[in-house]
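Chemist: This structure is in structure tokens; I'll ask about it shortly.
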Amino acid sequence: MQVKDETGIYLVKLARHSAESWVINSESPTPTEPIPEQATITTGAFVTVKSFENGETHLRGCIGYPLGIKSLYEEVIDLSRESTLNDPRFPPVKEHEFSSLVFEVTVLTPPNEIEYSDSADLLNQINVPGDGLIVKFGQYQGLLLPQVPVEQNWDKEEFLSYTCRKAYLPTDIWKKEKISVKKFQGVVFSEIEPMGKIKRLALNH
């Protein structure tokens with residue numbers, strides 16, 4: 001997927017602006033004009049919020065839509081609220097935190113089911129760096145974005161195992177059971193520091 005730098009920069013600025021509007025003013029934000037044409041397409045997206053301290057970042061919230069349900073800019077507005085106020089893993093973001101937060105937007109390609117014969121064949125079809133994963137078994141489902149194994153320095157086996165863990169499944173279930181695994185790609189734009197320059201992140205080691 002080709003995402004222009006101007007689109008990614010717009011979306012990250014919109015994520016911060018929207019989050020501040022939700023958290024500080026408790027009101028729905030108005031998107032800044034002009035809206036880039038690419039920001040009006042419908043595709044999956046995630047908004048990630050990280051705390052920034054001494055040059056290191058730590059996850060503060062991350063919510064997304066694996067499949068597009070509305071315009072990209074509208075999704076970012078919604079997800080900026082969800083990732084700052086409604087991520088069940090974290091307490092809601094407070095106003096005083098904004099000066100130490102970085103915002104990141106990932107634009108997703110549609111997920112594709114991996115057809116595989118055995119666990120070795122499954123692993124062979126996963127690319128790290130490059131792919132994000134969605135695993136599903138019964139009622140359990142988990143997703144990890146393509147930047148996660150790069151940030152954690154995981155190989156593809158660790159990446160698949162941790163995605164299973166995200167779904168509250170045994171980490172080795174993919175070696176024993178036939179589970180559903182979908183892969184997708186993402187284009188990531190992020191502030192380098194709080195309210196700082198916005199860059200496209202290279203998904204490689």
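Letters for chains follow the order of the structure tokens (A, B, ...), residue numbers begin at 1 for each chain, and ligand numbers begin at 1 in the order shown.
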At a cut-off of 9 Å, using only C-alpha atoms, what residues contact Leu67 in chain A? Leave out same-chain residues fewer than 6 positions from it and give the result as a ChimeraX atom specification.

Modeler: /A:42-45,108-111

Chemist: Store the residues of this selection in a file with C-alpha atoms, as a PDB file, in the first residue's frame.

Modeler:
ATOM      1  CA  THR A  42     -11.801   3.224   3.801  1.00  0.00           C
ATOM      2  CA  THR A  43      -9.210   0.824   5.193  1.00  0.00           C
ATOM      3  CA  GLY A  44      -8.103  -0.566   8.541  1.00  0.00           C
ATOM      4  CA  ALA A  45      -6.157   1.644  10.944  1.00  0.00           C
ATOM      5  CA  LEU A 108      -3.467  -1.377   7.294  1.00  0.00           C
ATOM      6  CA  THR A 109      -3.922  -3.462   4.178  1.00  0.00           C
ATOM      7  CA  PRO A 110      -6.889  -5.894   4.237  1.00  0.00           C
ATOM      8  CA  PRO A 111      -5.986  -9.140   6.100  1.00  0.00           C
TER       9      PRO A 111
END

Chemist: Residues near range 47-62 of chain A, anyone? I mean within 7 Å using only C-alpha atoms, not counting same-chain ones fewer than 3 positions away, as number ranges by chain.

Modeler: A: 76, 79-80, 83-84, 87, 90, 100-106

Chemist: Give me every alpha helix (DSSP H) residue in range 104-165 of chain A, going by DSSP on the backbone, as a PyMOL selection string.

Modeler: chain A and resi 119-124+147-152+156-165

Chemist: Just write the chosen residues, C-alpha atoms, as a PDB file, in the first residue's frame.

Modeler:
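File written: part.pdb
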ATOM      1  CA  SER A 119       3.145 -25.552  11.264  1.00  0.00           C
ATOM      2  CA  ALA A 120       6.358 -25.365   9.210  1.00  0.00           C
ATOM      3  CA  ASP A 121       4.407 -24.268   6.144  1.00  0.00           C
ATOM      4  CA  LEU A 122       2.608 -21.664   8.273  1.00  0.00           C
ATOM      5  CA  LEU A 123       5.861 -20.198   9.576  1.00  0.00           C
ATOM      6  CA  ASN A 124       7.305 -20.150   6.078  1.00  0.00           C
ATOM      7  CA  GLN A 147       6.017  -3.028  13.972  1.00  0.00           C
ATOM      8  CA  VAL A 148       5.725  -5.100  17.182  1.00  0.00           C
ATOM      9  CA  PRO A 149       8.141  -7.957  16.280  1.00  0.00           C
ATOM     10  CA  VAL A 150      10.619  -5.358  14.996  1.00  0.00           C
ATOM     11  CA  GLU A 151      10.421  -3.355  18.230  1.00  0.00           C
ATOM     12  CA  GLN A 152      10.705  -6.525  20.335  1.00  0.00           C
ATOM     13  CA  LYS A 156       8.636 -15.226  13.188  1.00  0.00           C
ATOM     14  CA  GLU A 157       8.097 -18.115  15.634  1.00  0.00           C
ATOM     15  CA  GLU A 158       8.130 -15.756  18.613  1.00  0.00           C
ATOM     16  CA  PHE A 159       5.844 -13.354  16.757  1.00  0.00           C
ATOM     17  CA  LEU A 160       3.262 -16.051  16.046  1.00  0.00           C
ATOM     18  CA  SER A 161       3.477 -17.358  19.616  1.00  0.00           C
ATOM     19  CA  TYR A 162       2.992 -13.915  21.139  1.00  0.00           C
ATOM     20  CA  THR A 163       0.033 -13.244  18.833  1.00  0.00           C
ATOM     21  CA  CYS A 164      -1.537 -16.429  20.195  1.00  0.00           C
ATOM     22  CA  ARG A 165      -0.831 -15.190  23.704  1.00  0.00           C
TER      23      ARG A 165
END

Chemist: Check range 54-154 of chain A with DSSP on the backbone and list each residue it calls strand (DSSP E or B), as a ChimeraX atom specification.

Modeler: /A:56-65,71,101-108,112-113,132-137,140-144

Chemist: Could you dump the residues just selected with C-alpha atoms as a compact mmCIF listing (two decimals), in the first residue's frame?

Modeler:
# COMPACT_ATOMS: atom_id res chain seq x y z
CA GLU A 56 12.47 5.56 25.43
CA THR A 57 8.82 4.85 24.71
CA HIS A 58 6.34 2.66 26.56
CA LEU A 59 2.89 1.65 25.35
CA ARG A 60 0.12 3.84 26.81
CA GLY A 61 -2.78 2.73 24.59
CA CYS A 62 -3.49 1.12 21.24
CA ILE A 63 -6.87 0.53 19.59
CA GLY A 64 -7.77 -0.05 15.97
CA TYR A 65 -10.03 -1.39 13.27
CA SER A 71 -13.12 7.11 6.11
CA LEU A 101 3.10 11.35 24.74
CA VAL A 102 3.92 10.36 21.18
CA PHE A 103 1.19 9.49 18.70
CA GLU A 104 1.49 6.85 16.00
CA VAL A 105 -0.91 5.89 13.19
CA THR A 106 -0.74 2.59 11.29
CA VAL A 107 -2.65 2.27 8.01
CA LEU A 108 -3.47 -1.38 7.29
CA ASN A 112 -5.52 -12.30 4.02
CA GLU A 113 -6.05 -15.82 5.35
CA GLY A 132 1.11 -8.12 11.06
CA LEU A 133 -0.88 -11.13 12.30
CA ILE A 134 -4.40 -11.99 13.39
CA VAL A 135 -4.94 -15.41 14.97
CA LYS A 136 -8.30 -16.94 15.75
CA PHE A 137 -9.28 -20.19 17.42
CA TYR A 140 -10.52 -16.25 20.86
CA GLN A 141 -8.80 -13.73 18.61
CA GLY A 142 -5.65 -11.66 18.87
CA LEU A 143 -3.84 -9.14 16.67
CA LEU A 144 -0.32 -7.73 16.67

Chemist: Report the distance between CA of Pro91 in chain A and CA of Ala19 in chain A in Å, rounded to one decimal place.

Modeler: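 Atom-to-atom, CA of Pro91 in chain A and CA of Ala19 in chain A are spaced 14.6 Å apart.
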
Chemist: Fewer than 2 positions away in the same chain doesn't count, so skip those; otherwise give me all residues within 8 Å of Ile77 in chain A, counting only C-alpha atoms, as a list of chain:residue names.

Modeler: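 The residues that qualify are A:Leu14, A:Ala15, A:Ser18, A:Ala19, A:Pro29, A:Pro31, A:Tyr73, A:Glu74, A:Glu75, A:Leu79, A:Ser80, A:Arg81.
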
Chemist: Those residues with N, CA and C atoms, as a PDB file, in the first residue's frame please?

Modeler:
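out_24.pdb, freshly written:
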ATOM      1  N   LEU A  14      -3.744  14.744  13.279  1.00  0.00           N
ATOM      2  CA  LEU A  14      -5.174  14.626  13.582  1.00  0.00           C
ATOM      3  C   LEU A  14      -5.386  13.769  14.825  1.00  0.00           C
ATOM      4  N   ALA A  15      -4.588  12.716  14.987  1.00  0.00           N
ATOM      5  CA  ALA A  15      -4.712  11.844  16.167  1.00  0.00           C
ATOM      6  C   ALA A  15      -4.440  12.629  17.449  1.00  0.00           C
ATOM      7  N   SER A  18      -7.202  15.301  17.952  1.00  0.00           N
ATOM      8  CA  SER A  18      -8.469  14.670  18.351  1.00  0.00           C
ATOM      9  C   SER A  18      -8.407  14.183  19.791  1.00  0.00           C
ATOM     10  N   ALA A  19      -7.286  13.558  20.163  1.00  0.00           N
ATOM     11  CA  ALA A  19      -7.142  13.057  21.535  1.00  0.00           C
ATOM     12  C   ALA A  19      -7.227  14.196  22.545  1.00  0.00           C
ATOM     13  N   PRO A  29     -13.850  16.292  18.015  1.00  0.00           N
ATOM     14  CA  PRO A  29     -13.033  17.252  17.279  1.00  0.00           C
ATOM     15  C   PRO A  29     -13.534  17.471  15.856  1.00  0.00           C
ATOM     16  N   PRO A  31     -12.136  17.807  12.072  1.00  0.00           N
ATOM     17  CA  PRO A  31     -10.896  17.548  11.329  1.00  0.00           C
ATOM     18  C   PRO A  31     -10.370  18.809  10.659  1.00  0.00           C
ATOM     19  N   TYR A  73      -9.733   9.210   7.989  1.00  0.00           N
ATOM     20  CA  TYR A  73      -9.618  10.326   8.942  1.00  0.00           C
ATOM     21  C   TYR A  73     -10.679  10.212  10.040  1.00  0.00           C
ATOM     22  N   GLU A  74     -11.865   9.691   9.692  1.00  0.00           N
ATOM     23  CA  GLU A  74     -12.917   9.507  10.708  1.00  0.00           C
ATOM     24  C   GLU A  74     -12.527   8.393  11.679  1.00  0.00           C
ATOM     25  N   GLU A  75     -11.888   7.351  11.164  1.00  0.00           N
ATOM     26  CA  GLU A  75     -11.410   6.269  12.033  1.00  0.00           C
ATOM     27  C   GLU A  75     -10.373   6.798  13.014  1.00  0.00           C
ATOM     28  N   LEU A  79     -10.504   6.511  16.949  1.00  0.00           N
ATOM     29  CA  LEU A  79      -9.490   5.693  17.611  1.00  0.00           C
ATOM     30  C   LEU A  79      -8.602   6.503  18.542  1.00  0.00           C
ATOM     31  N   SER A  80      -8.487   7.801  18.289  1.00  0.00           N
ATOM     32  CA  SER A  80      -7.733   8.645  19.216  1.00  0.00           C
ATOM     33  C   SER A  80      -8.446   8.704  20.567  1.00  0.00           C
ATOM     34  N   ARG A  81      -9.767   8.683  20.537  1.00  0.00           N
ATOM     35  CA  ARG A  81     -10.542   8.643  21.785  1.00  0.00           C
ATOM     36  C   ARG A  81     -10.379   7.288  22.466  1.00  0.00           C
TER      37      ARG A  81
END

Chemist: Figure out the distance between CA of Trp154 in chain A and CA of Val12 in chain A, please, to one decimal in Å.

Modeler: 26.4 Å

Chemist: Quick one, how far is CA of Ile114 in chain A from CA of Lys183 in chain A?

Modeler: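 A separation of 7.0 Å between them.
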